[in-house]
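**Q** PDB, C-alpha atoms, pLDDT in the B column, file my_file.pdb:
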ATOM      1  CA  MET A   1      81.693  98.311  93.239  1.00 86.00           C
ATOM      2  CA  ILE A   2      84.381 100.796  94.226  1.00 97.00           C
ATOM      3  CA  ARG A   3      87.886 100.441  92.800  1.00 98.00           C
ATOM      4  CA  LEU A   4      90.871 100.094  95.128  1.00 98.00           C
ATOM      5  CA  GLY A   5      94.096 101.648  93.908  1.00 98.00           C
ATOM      6  CA  VAL A   6      97.100 100.606  95.972  1.00 98.00           C
ATOM      7  CA  ASN A   7      99.937 103.102  96.365  1.00 98.00           C
ATOM      8  CA  VAL A   8     103.279 101.305  96.714  1.00 98.00           C
ATOM      9  CA  ASP A   9     105.449 104.384  97.364  1.00 98.00           C
ATOM     10  CA  HIS A  10     106.376 103.286 100.868  1.00 97.00           C
ATOM     11  CA  VAL A  11     107.711  99.945  99.714  1.00 98.00           C
ATOM     12  CA  ALA A  12     110.211 102.097  97.830  1.00 98.00           C
ATOM     13  CA  THR A  13     110.724 104.236 100.953  1.00 97.00           C
ATOM     14  CA  LEU A  14     111.977 101.159 102.803  1.00 97.00           C
ATOM     15  CA  ARG A  15     114.234 100.184  99.905  1.00 98.00           C
ATOM     16  CA  GLN A  16     115.723 103.677  99.599  1.00 97.00           C
ATOM     17  CA  ALA A  17     116.525 103.751 103.320  1.00 97.00           C
ATOM     18  CA  ARG A  18     119.437 101.423 102.508  1.00 97.00           C
ATOM     19  CA  ARG A  19     119.871 102.229  98.781  1.00 95.00           C
ATOM     20  CA  VAL A  20     119.574  98.533  97.935  1.00 97.00           C
ATOM     21  CA  ASP A  21     117.334  96.507  95.617  1.00 96.00           C
ATOM     22  CA  VAL A  22     114.769  95.239  98.125  1.00 98.00           C
ATOM     23  CA  PRO A  23     111.950  95.426  98.852  1.00 98.00           C
ATOM     24  CA  ASP A  24     110.889  95.948  95.249  1.00 98.00           C
ATOM     25  CA  PRO A  25     107.756  98.100  94.753  1.00 98.00           C
ATOM     26  CA  VAL A  26     107.176  96.378  91.415  1.00 98.00           C
ATOM     27  CA  GLU A  27     106.944  92.984  93.102  1.00 98.00           C
ATOM     28  CA  ALA A  28     104.632  94.481  95.729  1.00 98.00           C
ATOM     29  CA  ALA A  29     102.441  95.978  93.006  1.00 98.00           C
ATOM     30  CA  LEU A  30     102.047  92.660  91.217  1.00 98.00           C
ATOM     31  CA  LEU A  31     101.134  90.922  94.474  1.00 98.00           C
ATOM     32  CA  ALA A  32      98.596  93.686  95.191  1.00 98.00           C
ATOM     33  CA  GLU A  33      97.045  93.154  91.761  1.00 98.00           C
ATOM     34  CA  GLY A  34      96.832  89.439  92.421  1.00 98.00           C
ATOM     35  CA  ALA A  35      95.003  90.136  95.693  1.00 98.00           C
ATOM     36  CA  GLY A  36      92.357  92.277  93.986  1.00 98.00           C
ATOM     37  CA  ALA A  37      93.747  95.787  93.548  1.00 98.00           C
ATOM     38  CA  ALA A  38      92.099  97.542  90.604  1.00 98.00           C
ATOM     39  CA  GLY A  39      95.124  99.736  89.983  1.00 98.00           C
ATOM     40  CA  ILE A  40      98.577 100.721  91.170  1.00 99.00           C
ATOM     41  CA  THR A  41      99.513 104.271  92.159  1.00 98.00           C
ATOM     42  CA  VAL A  42     103.013 105.719  92.474  1.00 98.00           C
ATOM     43  CA  HIS A  43     104.249 109.267  93.062  1.00 97.00           C
ATOM     44  CA  LEU A  44     107.445 110.112  91.211  1.00 97.00           C
ATOM     45  CA  ARG A  45     108.707 113.026  93.286  1.00 95.00           C
ATOM     46  CA  GLU A  46     111.169 115.662  92.156  1.00 92.00           C
ATOM     47  CA  ASP A  47     113.633 114.580  94.870  1.00 93.00           C
ATOM     48  CA  ARG A  48     113.140 110.869  94.036  1.00 95.00           C
ATOM     49  CA  ARG A  49     112.836 110.068  97.744  1.00 94.00           C
ATOM     50  CA  HIS A  50     111.070 106.767  97.071  1.00 97.00           C
ATOM     51  CA  ILE A  51     109.825 105.825  93.598  1.00 98.00           C
ATOM     52  CA  GLN A  52     112.456 105.931  90.838  1.00 98.00           C
ATOM     53  CA  GLU A  53     112.146 106.131  87.056  1.00 98.00           C
ATOM     54  CA  ARG A  54     113.117 102.466  86.906  1.00 98.00           C
ATOM     55  CA  ASP A  55     110.049 101.600  88.985  1.00 98.00           C
ATOM     56  CA  VAL A  56     107.663 103.525  86.741  1.00 98.00           C
ATOM     57  CA  GLU A  57     109.100 101.950  83.612  1.00 98.00           C
ATOM     58  CA  LEU A  58     108.845  98.399  84.967  1.00 98.00           C
ATOM     59  CA  LEU A  59     105.356  99.024  86.327  1.00 98.00           C
ATOM     60  CA  ARG A  60     104.244 100.366  82.955  1.00 98.00           C
ATOM     61  CA  ALA A  61     105.481  97.158  81.338  1.00 98.00           C
ATOM     62  CA  ARG A  62     104.061  94.746  83.922  1.00 98.00           C
ATOM     63  CA  VAL A  63     100.931  96.184  85.542  1.00 98.00           C
ATOM     64  CA  LYS A  64      97.844  94.544  84.048  1.00 98.00           C
ATOM     65  CA  THR A  65      95.156  96.674  85.708  1.00 98.00           C
ATOM     66  CA  LYS A  66      95.864 100.404  85.658  1.00 98.00           C
ATOM     67  CA  LEU A  67      98.924 102.517  86.389  1.00 98.00           C
ATOM     68  CA  ASN A  68      98.226 105.879  88.028  1.00 98.00           C
ATOM     69  CA  LEU A  69     101.174 108.286  88.175  1.00 98.00           C
ATOM     70  CA  GLU A  70     100.990 111.042  90.786  1.00 98.00           C
ATOM     71  CA  MET A  71     103.098 114.013  89.773  1.00 97.00           C
ATOM     72  CA  ALA A  72     103.782 117.702  90.200  1.00 96.00           C
ATOM     73  CA  VAL A  73     102.620 120.138  87.521  1.00 96.00           C
ATOM     74  CA  THR A  74     106.082 120.905  86.145  1.00 96.00           C
ATOM     75  CA  PRO A  75     107.405 120.873  82.573  1.00 97.00           C
ATOM     76  CA  ALA A  76     109.854 118.077  83.422  1.00 97.00           C
ATOM     77  CA  MET A  77     107.163 115.833  84.919  1.00 97.00           C
ATOM     78  CA  VAL A  78     104.666 116.500  82.136  1.00 98.00           C
ATOM     79  CA  ALA A  79     107.324 115.574  79.575  1.00 98.00           C
ATOM     80  CA  TYR A  80     108.190 112.456  81.583  1.00 98.00           C
ATOM     81  CA  ALA A  81     104.548 111.364  81.721  1.00 98.00           C
ATOM     82  CA  GLU A  82     104.153 111.890  77.977  1.00 98.00           C
ATOM     83  CA  ASN A  83     106.979 109.377  77.526  1.00 97.00           C
ATOM     84  CA  ALA A  84     105.997 106.942  80.276  1.00 98.00           C
ATOM     85  CA  ARG A  85     102.342 106.803  79.204  1.00 98.00           C
ATOM     86  CA  PRO A  86     100.604 105.823  82.446  1.00 98.00           C
ATOM     87  CA  ASP A  87      96.890 105.081  82.128  1.00 98.00           C
ATOM     88  CA  ASP A  88      96.085 107.888  84.572  1.00 98.00           C
ATOM     89  CA  ALA A  89      98.018 110.884  85.842  1.00 98.00           C
ATOM     90  CA  CYS A  90      97.078 112.732  89.012  1.00 98.00           C
ATOM     91  CA  PHE A  91      98.447 116.232  89.465  1.00 98.00           C
ATOM     92  CA  VAL A  92      99.352 116.919  93.087  1.00 97.00           C
ATOM     93  CA  PRO A  93     101.074 119.788  94.931  1.00 94.00           C
ATOM     94  CA  GLU A  94     104.631 119.032  95.935  1.00 83.00           C
ATOM     95  CA  THR A  95     107.277 120.631  98.137  1.00 68.00           C
ATOM     96  CA  ARG A  96     110.619 119.134  99.139  1.00 58.00           C
ATOM     97  CA  GLU A  97     110.111 119.830 102.861  1.00 57.00           C
ATOM     98  CA  GLU A  98     106.856 117.919 103.339  1.00 53.00           C
ATOM     99  CA  LEU A  99     106.741 114.379 104.693  1.00 54.00           C
ATOM    100  CA  THR A 100     103.727 113.626 102.518  1.00 57.00           C
ATOM    101  CA  THR A 101     101.325 115.634 100.375  1.00 57.00           C
ATOM    102  CA  GLU A 102      99.846 118.340 102.600  1.00 69.00           C
ATOM    103  CA  GLY A 103      96.566 119.471 101.079  1.00 84.00           C
ATOM    104  CA  GLY A 104      95.131 119.747  97.634  1.00 95.00           C
ATOM    105  CA  LEU A 105      96.416 121.402  94.486  1.00 96.00           C
ATOM    106  CA  ASP A 106      95.340 125.040  94.130  1.00 96.00           C
ATOM    107  CA  VAL A 107      93.829 124.806  90.658  1.00 97.00           C
ATOM    108  CA  VAL A 108      92.255 128.266  90.940  1.00 97.00           C
ATOM    109  CA  ALA A 109      95.618 129.989  91.503  1.00 96.00           C
ATOM    110  CA  HIS A 110      97.407 127.976  88.812  1.00 96.00           C
ATOM    111  CA  LYS A 111      94.587 127.616  86.315  1.00 98.00           C
ATOM    112  CA  ALA A 112      96.517 128.400  83.111  1.00 98.00           C
ATOM    113  CA  LYS A 113      99.447 126.118  83.995  1.00 97.00           C
ATOM    114  CA  VAL A 114      97.182 123.242  85.014  1.00 98.00           C
ATOM    115  CA  ALA A 115      94.993 123.638  81.924  1.00 98.00           C
ATOM    116  CA  ALA A 116      98.021 123.441  79.623  1.00 98.00           C
ATOM    117  CA  ALA A 117      99.352 120.335  81.390  1.00 98.00           C
ATOM    118  CA  VAL A 118      95.944 118.640  81.327  1.00 98.00           C
ATOM    119  CA  LYS A 119      95.625 119.322  77.605  1.00 98.00           C
ATOM    120  CA  ARG A 120      99.057 117.856  76.854  1.00 98.00           C
ATOM    121  CA  LEU A 121      98.541 114.619  78.747  1.00 98.00           C
ATOM    122  CA  GLN A 122      94.942 114.020  77.748  1.00 97.00           C
ATOM    123  CA  GLY A 123      96.011 114.678  74.163  1.00 96.00           C
ATOM    124  CA  ASN A 124      98.228 111.620  74.618  1.00 97.00           C
ATOM    125  CA  GLY A 125      95.347 109.466  75.846  1.00 97.00           C
ATOM    126  CA  ILE A 126      96.173 109.776  79.558  1.00 98.00           C
ATOM    127  CA  HIS A 127      93.246 110.407  81.897  1.00 98.00           C
ATOM    128  CA  VAL A 128      94.124 113.315  84.179  1.00 98.00           C
ATOM    129  CA  SER A 129      92.730 113.824  87.658  1.00 98.00           C
ATOM    130  CA  LEU A 130      93.483 116.671  90.050  1.00 98.00           C
ATOM    131  CA  PHE A 131      94.124 116.088  93.748  1.00 98.00           C
ATOM    132  CA  ILE A 132      92.123 118.882  95.361  1.00 98.00           C
ATOM    133  CA  ASP A 133      90.467 119.882  98.601  1.00 97.00           C
ATOM    134  CA  ALA A 134      86.706 119.550  98.966  1.00 98.00           C
ATOM    135  CA  GLU A 135      86.048 123.131  97.881  1.00 98.00           C
ATOM    136  CA  LYS A 136      83.481 124.353  95.372  1.00 98.00           C
ATOM    137  CA  ALA A 137      85.807 126.762  93.545  1.00 98.00           C
ATOM    138  CA  GLN A 138      88.499 124.114  93.097  1.00 98.00           C
ATOM    139  CA  ILE A 139      86.010 121.590  91.747  1.00 98.00           C
ATOM    140  CA  GLU A 140      84.464 124.041  89.317  1.00 98.00           C
ATOM    141  CA  THR A 141      87.899 125.099  88.092  1.00 98.00           C
ATOM    142  CA  ALA A 142      88.906 121.442  87.679  1.00 98.00           C
ATOM    143  CA  ARG A 143      85.999 121.118  85.268  1.00 98.00           C
ATOM    144  CA  GLU A 144      86.980 124.321  83.467  1.00 98.00           C
ATOM    145  CA  VAL A 145      90.564 123.154  82.828  1.00 98.00           C
ATOM    146  CA  GLY A 146      89.261 119.980  81.209  1.00 98.00           C
ATOM    147  CA  ALA A 147      90.313 117.342  83.734  1.00 98.00           C
ATOM    148  CA  HIS A 148      88.805 113.883  83.418  1.00 98.00           C
ATOM    149  CA  GLY A 149      88.282 113.692  87.158  1.00 98.00           C
ATOM    150  CA  ILE A 150      89.304 114.765  90.631  1.00 98.00           C
ATOM    151  CA  GLU A 151      90.696 113.015  93.673  1.00 98.00           C
ATOM    152  CA  ILE A 152      89.240 114.555  96.801  1.00 98.00           C
ATOM    153  CA  HIS A 153      91.818 115.078  99.539  1.00 98.00           C
ATOM    154  CA  THR A 154      90.451 113.056 102.463  1.00 98.00           C
ATOM    155  CA  GLY A 155      93.295 113.845 104.869  1.00 97.00           C
ATOM    156  CA  THR A 156      91.396 116.570 106.727  1.00 97.00           C
ATOM    157  CA  TYR A 157      88.532 114.126 107.355  1.00 98.00           C
ATOM    158  CA  CYS A 158      90.970 111.435 108.495  1.00 98.00           C
ATOM    159  CA  ASN A 159      92.795 113.757 110.903  1.00 96.00           C
ATOM    160  CA  ALA A 160      89.598 115.078 112.535  1.00 98.00           C
ATOM    161  CA  ALA A 161      87.592 113.497 115.344  1.00 97.00           C
ATOM    162  CA  GLY A 162      84.023 113.579 116.661  1.00 97.00           C
ATOM    163  CA  ALA A 163      81.848 116.408 115.352  1.00 98.00           C
ATOM    164  CA  ALA A 164      84.741 117.834 113.370  1.00 98.00           C
ATOM    165  CA  ARG A 165      85.141 114.568 111.465  1.00 98.00           C
ATOM    166  CA  GLU A 166      81.420 114.466 110.676  1.00 98.00           C
ATOM    167  CA  LYS A 167      81.651 118.027 109.354  1.00 98.00           C
ATOM    168  CA  GLU A 168      84.574 117.069 107.116  1.00 98.00           C
ATOM    169  CA  LEU A 169      82.707 113.978 105.919  1.00 98.00           C
ATOM    170  CA  GLN A 170      79.756 116.136 104.887  1.00 98.00           C
ATOM    171  CA  ALA A 171      82.159 118.393 102.992  1.00 98.00           C
ATOM    172  CA  VAL A 172      83.528 115.405 101.086  1.00 98.00           C
ATOM    173  CA  ILE A 173      79.978 114.213 100.314  1.00 98.00           C
ATOM    174  CA  ALA A 174      78.989 117.635  98.984  1.00 98.00           C
ATOM    175  CA  ALA A 175      82.178 117.880  96.928  1.00 98.00           C
ATOM    176  CA  ALA A 176      81.658 114.453  95.402  1.00 98.00           C
ATOM    177  CA  ARG A 177      78.081 115.295  94.441  1.00 98.00           C
ATOM    178  CA  LEU A 178      79.078 118.593  92.860  1.00 98.00           C
ATOM    179  CA  ALA A 179      81.949 117.046  90.922  1.00 98.00           C
ATOM    180  CA  ARG A 180      79.797 114.245  89.578  1.00 98.00           C
ATOM    181  CA  SER A 181      77.069 116.711  88.567  1.00 98.00           C
ATOM    182  CA  LEU A 182      79.714 118.528  86.505  1.00 98.00           C
ATOM    183  CA  GLY A 183      80.675 115.321  84.715  1.00 98.00           C
ATOM    184  CA  LEU A 184      83.913 114.665  86.605  1.00 98.00           C
ATOM    185  CA  GLU A 185      84.927 111.178  87.692  1.00 98.00           C
ATOM    186  CA  VAL A 186      85.405 111.213  91.464  1.00 98.00           C
ATOM    187  CA  HIS A 187      88.197 109.512  93.398  1.00 98.00           C
ATOM    188  CA  GLY A 188      89.298 109.912  97.004  1.00 98.00           C
ATOM    189  CA  GLY A 189      92.511 109.468  98.913  1.00 98.00           C
ATOM    190  CA  HIS A 190      94.999 110.445 101.619  1.00 97.00           C
ATOM    191  CA  GLY A 191      95.071 109.212 105.199  1.00 97.00           C
ATOM    192  CA  LEU A 192      92.498 106.463 104.657  1.00 98.00           C
ATOM    193  CA  ASN A 193      92.927 103.328 106.742  1.00 98.00           C
ATOM    194  CA  TYR A 194      91.035 100.223 107.845  1.00 98.00           C
ATOM    195  CA  GLN A 195      89.207 102.134 110.601  1.00 98.00           C
ATOM    196  CA  ASN A 196      88.115 105.309 108.796  1.00 98.00           C
ATOM    197  CA  VAL A 197      87.553 104.240 105.184  1.00 98.00           C
ATOM    198  CA  SER A 198      83.953 102.956 105.377  1.00 98.00           C
ATOM    199  CA  PRO A 199      82.125 106.325 105.547  1.00 98.00           C
ATOM    200  CA  ILE A 200      84.094 107.560 102.536  1.00 98.00           C
ATOM    201  CA  ALA A 201      83.478 104.331 100.637  1.00 98.00           C
ATOM    202  CA  HIS A 202      79.743 104.758 101.283  1.00 98.00           C
ATOM    203  CA  ILE A 203      79.674 107.900  99.098  1.00 98.00           C
ATOM    204  CA  PRO A 204      78.118 106.644  95.836  1.00 98.00           C
ATOM    205  CA  GLU A 205      79.729 109.263  93.613  1.00 98.00           C
ATOM    206  CA  ILE A 206      83.230 108.085  94.557  1.00 98.00           C
ATOM    207  CA  VAL A 207      84.295 105.289  92.211  1.00 98.00           C
ATOM    208  CA  GLU A 208      87.925 104.867  93.278  1.00 98.00           C
ATOM    209  CA  LEU A 209      89.983 105.130  96.453  1.00 98.00           C
ATOM    210  CA  ASN A 210      93.772 105.307  96.352  1.00 98.00           C
ATOM    211  CA  ILE A 211      95.305 104.045  99.585  1.00 98.00           C
ATOM    212  CA  GLY A 212      98.973 103.586 100.394  1.00 98.00           C
ATOM    213  CA  HIS A 213     100.487 104.022 103.833  1.00 98.00           C
ATOM    214  CA  SER A 214      97.953 102.043 105.851  1.00 98.00           C
ATOM    215  CA  ILE A 215      98.064  99.085 103.452  1.00 98.00           C
ATOM    216  CA  ILE A 216     101.864  99.023 103.333  1.00 98.00           C
ATOM    217  CA  ALA A 217     102.021  99.366 107.134  1.00 98.00           C
ATOM    218  CA  ARG A 218      99.671  96.394 107.486  1.00 98.00           C
ATOM    219  CA  ALA A 219     101.710  94.513 104.883  1.00 98.00           C
ATOM    220  CA  VAL A 220     104.798  94.702 107.103  1.00 97.00           C
ATOM    221  CA  ILE A 221     102.914  92.525 109.588  1.00 98.00           C
ATOM    222  CA  ALA A 222     100.598  90.418 107.411  1.00 98.00           C
ATOM    223  CA  GLY A 223     102.060  90.537 103.907  1.00 98.00           C
ATOM    224  CA  ILE A 224     100.939  92.655 100.968  1.00 98.00           C
ATOM    225  CA  ALA A 225      98.370  90.191  99.609  1.00 98.00           C
ATOM    226  CA  GLN A 226      96.621  89.846 102.971  1.00 98.00           C
ATOM    227  CA  ALA A 227      96.699  93.604 103.573  1.00 98.00           C
ATOM    228  CA  VAL A 228      95.068  94.279 100.207  1.00 98.00           C
ATOM    229  CA  ARG A 229      92.474  91.539 100.710  1.00 98.00           C
ATOM    230  CA  GLU A 230      91.506  92.973 104.103  1.00 98.00           C
ATOM    231  CA  MET A 231      90.949  96.439 102.614  1.00 98.00           C
ATOM    232  CA  LYS A 232      89.056  94.980  99.669  1.00 98.00           C
ATOM    233  CA  GLU A 233      86.757  93.090 102.032  1.00 98.00           C
ATOM    234  CA  ILE A 234      85.847  96.329 103.806  1.00 98.00           C
ATOM    235  CA  LEU A 235      85.116  98.146 100.540  1.00 97.00           C
ATOM    236  CA  ASP A 236      83.149  95.220  99.114  1.00 96.00           C
ATOM    237  CA  ARG A 237      80.976  95.042 102.246  1.00 96.00           C
ATOM    238  CA  VAL A 238      80.214  98.745 101.989  1.00 96.00           C
ATOM    239  CA  ARG A 239      79.218  98.535  98.322  1.00 86.00           C
ATOM    240  CA  ALA A 240      77.536  95.109  98.488  1.00 79.00           C
TER     241      ALA A 240
END
Kindly present the structure from the file in structure tokens form.
**A**
Amino acid sequence: MIRLGVNVDHVATLRQARRVDVPDPVEAALLAEGAGAAGITVHLREDRRHIQERDVELLRARVKTKLNLEMAVTPAMVAYAENARPDDACFVPETREELTTEGGLDVVAHKAKVAAAVKRLQGNGIHVSLFIDAEKAQIETAREVGAHGIEIHTGTYCNAAGAAREKELQAVIAAARLARSLGLEVHGGHGLNYQNVSPIAHIPEIVELNIGHSIIARAVIAGIAQAVREMKEILDRVRA
């Protein structure tokens, strides 16, 4: 079985468009759990464009599965996570100008900073994963800094087509195998939707997929519970 983590950031995006109280990402998260999600993911960004501290605090109190906090590797965010105590933390790159996360964290270039942040959070009982590209050096460095796991950036695979997509899929497969051989837990995420998720879900080393935009987009039409159930059905068929 592969775990489905549902990212509810874009429920908050809709709320923040009007600076009102609805829709509530906490309510969406609880409905997603009820429909079979194995965890809830949120990204507390520096500019607070969608998820707010209030959301993280309520999710921490109410989520019954697992709360995964995506975050930049900054002193302020590390201190926040130490207080908030999510089950998992995923370090991601972050710039104010981007629409969404554009590529993996460069662990090689920021090894000392990442290692210190990993040590602090894992010392508080928080599993840390690193959102990285499917590159050998990044995976090996993720192991060296002591991370519990990695989340392979699947956006390049999702954005490719034809032979290029197959090449990117093979890169993800190779990365997952290497990471698992080094003792890292392997997750995947970014750009995955109902049409492209199956080949990634087939990779046996990947134990968790974190999916947000496509599920929330489907939820606008069908409701969050139905959108989660439809994704779960795909993943369950793949791993049956």
**Q** What is the atom CA of Lys119 of chain A-atom CA of Leu67 of chain A distance in Å, reported with one decimal?
**A** 19.2 Å
**Q** Point out the residue among A:Thr13, A:Asn210, A:Thr41, A:Asn124 with the least atom-to-atom distance to Leu69 of chain A, counting all atoms listed in the file.
**A**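 Checking each of A:Thr13, A:Asn210, A:Thr41, A:Asn124 against Leu69 of chain A, counting all atoms listed in the file, the winner is A:Thr41.
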**Q** For Val118 of chain A, work out the shell of residues within 10 Å, counting only C-alpha atoms and skipping chain neighbours fewer than 6 positions away, then give it as a PyMOL selection string.
**A** chain A and resi 73+78+89-91+112+124+126-130+142+145-148
**Q** With 8 Å of padding per side, what axis-aligned box (centre and edge lengths, Å, one decimal) covers all the listed atoms of segment 56-60 of chain A? Give it as JSON.
**A**
{"center_x": 106.7, "center_y": 101.0, "center_z": 84.8, "size_x": 20.9, "size_y": 21.1, "size_z": 19.8}
**Q** Starting from the PyMOL selection byres ((chain A and resi 54-61) around 10), expand the selection into actual residues of this file and give them as a ChimeraX atom specification.
**A** /A:9,12,24-27,29-30,40-44,50-53,62-64,66-69,81,83-87
**Q** Could you check how far atom CA of Ala217 of chain A sits from atom CA of Glu205 of chain A, in Å to one decimal?
**A**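 Atom CA of Glu205 of chain A lies 27.9 Å from atom CA of Ala217 of chain A.
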**Q** Taking all atoms listed in the file into account, produce a table as a tab-separated table in which each residue of segment 122-207 of chain A with an atom at most 9 Å from an atom of segment 220-240 of chain A appears once, together with its shortest atom pair and the distance in Å to one decimal, ordered by chain and rising number.
**A**
residue	atom	partner	partner_atom	distance
A:Asn193	CA	A:Met231	CA	8.3
A:Tyr194	CA	A:Met231	CA	6.5
A:Val197	CA	A:Leu235	CA	8.0
A:Ser198	CA	A:Val238	CA	6.6
A:Pro199	CA	A:Val238	CA	8.6
A:Ala201	CA	A:Leu235	CA	6.4
A:His202	CA	A:Val238	CA	6.1
A:Pro204	CA	A:Arg239	CA	8.6
**Q** Mind checking which residues fall within 9 Å of segment 157-167 of chain A, counting all atoms listed in the file, ignoring those fewer than 2 positions away in the same chain, and posting them as a VMD selection string?
**A** chain A and resid 153 to 155 169 to 172 190 to 193 196 to 197
**Q** What's the separation between atom CA of His213 of chain A and atom CA of Ala134 of chain A, in Å to one decimal place?
**A** 21.3 Å
**Q** Which one is closest to Asp133 of chain A: A:Pro75, A:Pro23, A:Gly212, A:Gly103? Count only C-alpha atoms.
**A**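 Nearest to Asp133 of chain A: A:Gly103.
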**Q** Please produce segment 170-177 of chain A, completed to all heavy atoms, as a short mmCIF file (atom, residue, chain, number, x, y, z; two decimals), in the frame of the given file.
**A**
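To be explicit, this is the file written out as part30.cif:
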data_model
loop_
_atom_site.label_atom_id
_atom_site.label_comp_id
_atom_site.auth_asym_id
_atom_site.auth_seq_id
_atom_site.Cartn_x
_atom_site.Cartn_y
_atom_site.Cartn_z
N GLN A 170 80.82 115.47 105.65
CA GLN A 170 79.76 116.14 104.89
C GLN A 170 80.34 117.01 103.77
O GLN A 170 79.75 117.11 102.68
CB GLN A 170 78.88 116.98 105.82
CG GLN A 170 78.06 116.15 106.80
CD GLN A 170 77.20 115.09 106.11
OE1 GLN A 170 76.53 115.37 105.12
NE2 GLN A 170 77.23 113.87 106.64
N ALA A 171 81.50 117.60 104.02
CA ALA A 171 82.16 118.39 102.99
C ALA A 171 82.61 117.52 101.83
O ALA A 171 82.47 117.90 100.65
CB ALA A 171 83.35 119.14 103.57
N VAL A 172 83.11 116.34 102.14
CA VAL A 172 83.53 115.40 101.09
C VAL A 172 82.31 114.93 100.29
O VAL A 172 82.35 114.85 99.05
CB VAL A 172 84.29 114.20 101.68
CG1 VAL A 172 84.59 113.16 100.60
CG2 VAL A 172 85.59 114.66 102.33
N ILE A 173 81.21 114.65 100.99
CA ILE A 173 79.98 114.21 100.31
C ILE A 173 79.50 115.29 99.36
O ILE A 173 79.17 115.02 98.18
CB ILE A 173 78.89 113.87 101.35
CG1 ILE A 173 79.27 112.60 102.12
CG2 ILE A 173 77.53 113.70 100.67
CD1 ILE A 173 78.39 112.32 103.31
N ALA A 174 79.45 116.53 99.82
CA ALA A 174 78.99 117.64 98.98
C ALA A 174 79.91 117.84 97.78
O ALA A 174 79.45 118.08 96.66
CB ALA A 174 78.90 118.92 99.81
N ALA A 175 81.21 117.72 98.01
CA ALA A 175 82.18 117.88 96.93
C ALA A 175 82.01 116.79 95.88
O ALA A 175 82.06 117.06 94.67
CB ALA A 175 83.60 117.86 97.49
N ALA A 176 81.82 115.57 96.33
CA ALA A 176 81.66 114.45 95.40
C ALA A 176 80.40 114.63 94.56
O ALA A 176 80.41 114.38 93.34
CB ALA A 176 81.60 113.14 96.17
N ARG A 177 79.33 115.07 95.18
CA ARG A 177 78.08 115.30 94.44
C ARG A 177 78.23 116.39 93.40
O ARG A 177 77.78 116.26 92.26
CB ARG A 177 76.96 115.64 95.42
CG ARG A 177 76.48 114.45 96.24
CD ARG A 177 75.45 114.87 97.28
NE ARG A 177 74.96 113.73 98.04
CZ ARG A 177 74.26 113.81 99.16
NH1 ARG A 177 73.97 115.03 99.67
NH2 ARG A 177 73.84 112.73 99.78
#
